[in-house]
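Enquirer: Before we start, here is the structure in question, set down as structure tokens.
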Amino acid sequence: MKGILIEPGKEPVVTTLPDSLWAIENRLGTRSEMIVLPRTPAVLVYPIYGRGLNRIYRGQKIYGTILCYGWKNNTLQPLRTALQTEMLNRLKDTEVRV
């Protein structure tokens with residue numbers, strides 16, 4: 001499933017991401033949490049026990065690798081090309097813009 005991979009200290013990149021909870025948590029190395037972005041059909045999935053400050057979203061510090069997916073009807077979706085471009089722009093800085 002196409003999405004965005006954001007590793008601490010690196011630029012976000014569009015890549016193929018896991019598409020099941022088991023595979024996501026295996027990729028992250030621990031249980032995960034998610035933030036559904038308001039007014040944007042996207043979700044950020046990140047590890048509960050991440051290392052290395054990655055991004056700050058509305059004052060909340062997010063550590064470790066972040067996976068960004070599309071979001072529709074409470075289900076993970078591949079990011080459409082236009083949304084990939086928008087989210088790459090929003091996620092390029094340490095502070096996530098909403």
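Quick note on naming: the chains in the structure tokens go A, B, ... in the order shown, residues restart at 1 in each chain, and ligands are numbered from 1 in order of appearance.
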Assign secondary structure with DSSP using the backbone only, and return the residues of chain A in strand (DSSP E) as a PyMOL selection string.
Expert: chain A and resi 2-6+13-16+32-36+42-47+53-57+60-63+66-72+75-77
Enquirer: Would you output that residue set with N, CA, C and O atoms, as a compact mmCIF listing (two decimals), in the first residue's frame?
Expert:
```
# COMPACT_ATOMS: atom_id res chain seq x y z
N LYS A 2 0.66 2.18 -0.88
CA LYS A 2 1.47 3.40 -0.97
C LYS A 2 1.19 4.33 0.21
O LYS A 2 0.05 4.56 0.59
N GLY A 3 2.26 4.85 0.77
CA GLY A 3 2.16 5.80 1.87
C GLY A 3 3.48 6.53 2.02
O GLY A 3 4.35 6.44 1.13
N ILE A 4 3.64 7.21 3.13
CA ILE A 4 4.85 7.98 3.38
C ILE A 4 5.54 7.43 4.61
O ILE A 4 4.93 7.24 5.66
N LEU A 5 6.85 7.21 4.48
CA LEU A 5 7.70 6.75 5.57
C LEU A 5 8.48 7.96 6.08
O LEU A 5 9.13 8.66 5.29
N ILE A 6 8.40 8.22 7.39
CA ILE A 6 9.11 9.34 7.99
C ILE A 6 9.97 8.80 9.12
O ILE A 6 9.46 8.41 10.16
N VAL A 13 9.58 10.03 2.65
CA VAL A 13 9.63 9.46 1.31
C VAL A 13 8.38 8.63 1.05
O VAL A 13 7.85 7.98 1.96
N VAL A 14 7.91 8.66 -0.18
CA VAL A 14 6.78 7.82 -0.59
C VAL A 14 7.32 6.43 -0.86
O VAL A 14 8.33 6.26 -1.55
N THR A 15 6.66 5.43 -0.29
CA THR A 15 7.10 4.05 -0.44
C THR A 15 5.93 3.10 -0.21
O THR A 15 4.83 3.54 0.10
N THR A 16 6.17 1.83 -0.35
CA THR A 16 5.16 0.83 -0.05
C THR A 16 5.22 0.52 1.44
O THR A 16 6.29 0.22 1.97
N SER A 32 1.48 0.18 18.29
CA SER A 32 1.42 1.50 17.67
C SER A 32 0.18 2.28 18.09
O SER A 32 -0.77 1.71 18.61
N GLU A 33 0.25 3.57 17.85
CA GLU A 33 -0.87 4.48 18.04
C GLU A 33 -1.05 5.23 16.74
O GLU A 33 -0.18 5.19 15.87
N MET A 34 -2.18 5.93 16.63
CA MET A 34 -2.39 6.71 15.40
C MET A 34 -3.09 8.02 15.69
O MET A 34 -3.79 8.16 16.69
N ILE A 35 -2.86 8.96 14.80
CA ILE A 35 -3.50 10.26 14.85
C ILE A 35 -4.21 10.45 13.51
O ILE A 35 -3.57 10.42 12.46
N VAL A 36 -5.53 10.62 13.55
CA VAL A 36 -6.29 10.93 12.35
C VAL A 36 -6.25 12.44 12.18
O VAL A 36 -6.62 13.18 13.09
N ALA A 42 -6.06 11.56 5.96
CA ALA A 42 -4.78 10.91 6.24
C ALA A 42 -4.67 10.58 7.72
O ALA A 42 -5.34 11.19 8.56
N VAL A 43 -3.80 9.62 8.03
CA VAL A 43 -3.57 9.20 9.40
C VAL A 43 -2.06 8.97 9.59
O VAL A 43 -1.38 8.53 8.65
N LEU A 44 -1.56 9.32 10.77
CA LEU A 44 -0.17 9.05 11.12
C LEU A 44 -0.15 7.88 12.10
O LEU A 44 -0.86 7.91 13.10
N VAL A 45 0.64 6.87 11.82
CA VAL A 45 0.78 5.71 12.69
C VAL A 45 2.22 5.72 13.20
O VAL A 45 3.16 5.86 12.41
N TYR A 46 2.39 5.58 14.52
CA TYR A 46 3.73 5.67 15.11
C TYR A 46 3.84 4.71 16.29
O TYR A 46 2.84 4.30 16.87
N PRO A 47 5.07 4.35 16.67
CA PRO A 47 5.25 3.39 17.76
C PRO A 47 5.01 4.02 19.13
O PRO A 47 5.28 5.20 19.33
N LEU A 53 13.27 11.85 18.64
CA LEU A 53 12.17 12.76 18.32
C LEU A 53 12.06 12.89 16.81
O LEU A 53 13.03 13.16 16.13
N ASN A 54 10.87 12.69 16.29
CA ASN A 54 10.66 12.73 14.85
C ASN A 54 9.89 13.98 14.44
O ASN A 54 10.38 14.80 13.69
N ARG A 55 8.70 14.15 14.94
CA ARG A 55 7.85 15.29 14.58
C ARG A 55 7.07 15.75 15.81
O ARG A 55 6.93 15.01 16.78
N ILE A 56 6.55 16.96 15.73
CA ILE A 56 5.67 17.49 16.77
C ILE A 56 4.35 17.83 16.09
O ILE A 56 4.31 18.54 15.09
N TYR A 57 3.27 17.27 16.62
CA TYR A 57 1.94 17.51 16.06
C TYR A 57 1.07 18.13 17.14
O TYR A 57 0.78 17.50 18.15
N GLN A 60 2.19 17.67 20.62
CA GLN A 60 2.49 16.29 21.01
C GLN A 60 3.75 15.83 20.30
O GLN A 60 3.85 15.89 19.07
N LYS A 61 4.74 15.39 21.07
CA LYS A 61 5.99 14.90 20.49
C LYS A 61 5.80 13.45 20.05
O LYS A 61 5.28 12.63 20.79
N ILE A 62 6.22 13.18 18.82
CA ILE A 62 6.13 11.84 18.26
C ILE A 62 7.55 11.32 18.06
O ILE A 62 8.34 11.94 17.37
N TYR A 63 7.82 10.17 18.66
CA TYR A 63 9.15 9.58 18.59
C TYR A 63 9.14 8.36 17.67
O TYR A 63 8.13 7.68 17.53
N ILE A 66 7.47 7.12 11.69
CA ILE A 66 6.05 7.42 11.47
C ILE A 66 5.67 6.91 10.09
O ILE A 66 6.42 7.08 9.12
N LEU A 67 4.50 6.30 10.01
CA LEU A 67 3.94 5.86 8.73
C LEU A 67 2.70 6.70 8.46
O LEU A 67 1.85 6.86 9.33
N CYS A 68 2.58 7.24 7.27
CA CYS A 68 1.43 8.07 6.91
C CYS A 68 0.64 7.35 5.82
O CYS A 68 1.17 7.00 4.77
N TYR A 69 -0.65 7.14 6.11
CA TYR A 69 -1.56 6.44 5.20
C TYR A 69 -2.72 7.36 4.85
O TYR A 69 -3.02 8.31 5.56
N GLY A 70 -3.44 6.98 3.79
CA GLY A 70 -4.73 7.60 3.53
C GLY A 70 -5.73 7.04 4.53
O GLY A 70 -5.51 6.00 5.15
N TRP A 71 -6.86 7.75 4.71
CA TRP A 71 -7.86 7.35 5.71
C TRP A 71 -9.24 7.63 5.16
O TRP A 71 -9.54 8.76 4.77
N LYS A 72 -10.08 6.60 5.10
CA LYS A 72 -11.45 6.77 4.61
C LYS A 72 -12.32 5.71 5.26
O LYS A 72 -11.94 4.53 5.29
N THR A 75 -10.77 3.34 7.80
CA THR A 75 -9.93 2.28 7.25
C THR A 75 -8.69 2.88 6.60
O THR A 75 -8.78 3.92 5.94
N LEU A 76 -7.54 2.23 6.77
CA LEU A 76 -6.32 2.66 6.09
C LEU A 76 -6.51 2.51 4.59
O LEU A 76 -7.07 1.52 4.12
N GLN A 77 -6.03 3.50 3.84
CA GLN A 77 -6.13 3.51 2.39
C GLN A 77 -4.77 3.90 1.82
O GLN A 77 -4.00 4.60 2.48
```
Enquirer: I'd like the interatomic distance between atom CA of A:Ala23 and atom CA of A:Gly9, to a tenth of an Å.
Expert: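 That distance, rounded to one decimal, is 23.3 Å.
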Enquirer: Compile the contact shell of A:Arg31 as a ChimeraX atom specification: residues with an atom at most 9 Å away, counting only C-alpha atoms, same-chain residues fewer than 2 positions apart removed.
Expert: /A:24-26,28-29,33,46-49
Enquirer: If you run DSSP on the backbone here, which positions in chain A get alpha helix (DSSP H)? Please write them as a ChimeraX atom specification.
Expert: /A:21-28,81-91
Enquirer: Atom CA of A:Leu79 and atom CA of A:Met1 are how many Å apart?
Expert: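 That distance, rounded to one decimal, is 8.1 Å.
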